Amino acid sequence: MSKEIGYSSSGPLLLGVMGDPIAHSKSPVMHEAALRAVSLPGSYVPLHVKPEYLTQAIEGVRALGFRGVNVTVPHKVNVMDLLDELDEGARRIGAVNTIVNNNGVLTGYNTDGIGYVRSLKEEAVPDLKGKTILVLGAGGAARGIIHALLQESPAQIIVANRTPDTAKQLAGEWSGLGNLIGCGNDSIEASLKNADVLINTTSVGMHPAVSDIPMNPEWIPEGIVVSDLIYNPLQTELLRQAEARGCRTHSGLGMFIYQGAYAFEYWTGLEAPVVLMREAVLRSLQGTL
Ligand code: ATR
């Protein structure tokens, strides 16, 4: 084979995703489509790993010669202690979603935040430099996204959270990386007056509670960009209300596709076939939603 895969392995490429639960993950369908599209022999399998077996499962990645795995809920934080090396971003964010196996040396990366930002730039805001961004939520997903957004030199990122201290603590921790402010949800209305982009990282509005909304939609200024990390449903109540106010909207599907695209590129050294990956996930979602 003439393709450079950046990995000297004989036999098919072994990939997978570890989580608990895992049956509903769309990662297998997305990565299987990607492998076929670039004609790489290999498989990407769902791996149901209970928390008490995580150590053995990671040992299994080495023992079985997996080239890499994705890691999802509830293992993204606990897996960090089991790896040989951590990418700097993953270390700062405090979570790993992608592991690369280089001849038995396991390195952890976080592609969630960079995947989200790549999708936001391609689909809604090509240049984030100088923008004022309001992020709702300060949990694990927010950390990944805010870390990646800070690399884009925005004018300011305001993090509003139900528990204000979590947002303030995060702003303090990363004060050296950019202009970051933490506050409570009572500051959302005032913060939105100057915002160019609003991003929901909370789970409010996710299936099955699809009519829930994380804030009063009347506060959304006309014409800004509103983004939601949720992709089930593809159009959340927040995005529906934003669209009615003439806002440009951006769903969480792109983040899912691009976190997978970065992982695929780390494992194979090949450009990820994102159009085909998106089509495969959409087809699968349409079959089950
Ligand atoms: P994830 O890894 O998906 O970000 P998480 O770490 O549990 O999950 O974080 C969830 C975030 O959504 C938190 O910021 C949480 O606020 P708290 O820090 O106050 O818990 C926020 N969140 C979850 N449910 C919420 C709700 N019903 N209203 C407002 N914020 C909510």
# chains A, B, ... in the order shown; residues from 1 in each chain; ligands from 1
>>> residues_around(residues="range 158-170 of chain A", least_positions_apart="2", cutoff="6 Å", atoms="only C-alpha atoms", output="list in words")
Leu134, Val135, Leu136, Gly137, Ala138, Gly172, Glu173, Leu180, Ile181, Gly182, Cys183, Gly184 and Asn185 of chain A
>>> residues_around(residues="Ser153 in chain A", least_positions_apart="6", cutoff="9 Å", atoms="only C-alpha atoms", output="PyMOL selection string")
chain A and resi 128-131+178-179
>>> atom_distance(atom1="CA of Pro28 in chain A", atom2="CA of Gly60 in chain A")
18.7 Å
>>> closest_residue(among="A:Gly108, A:Pro233, A:Gly19, A:Pro273", to="His75 in chain A", atoms="only C-alpha atoms")
A:Gly19
>>> atom_distance(atom1="CA of Thr107 in chain A", atom2="CA of Glu85 in chain A")
4.6 Å
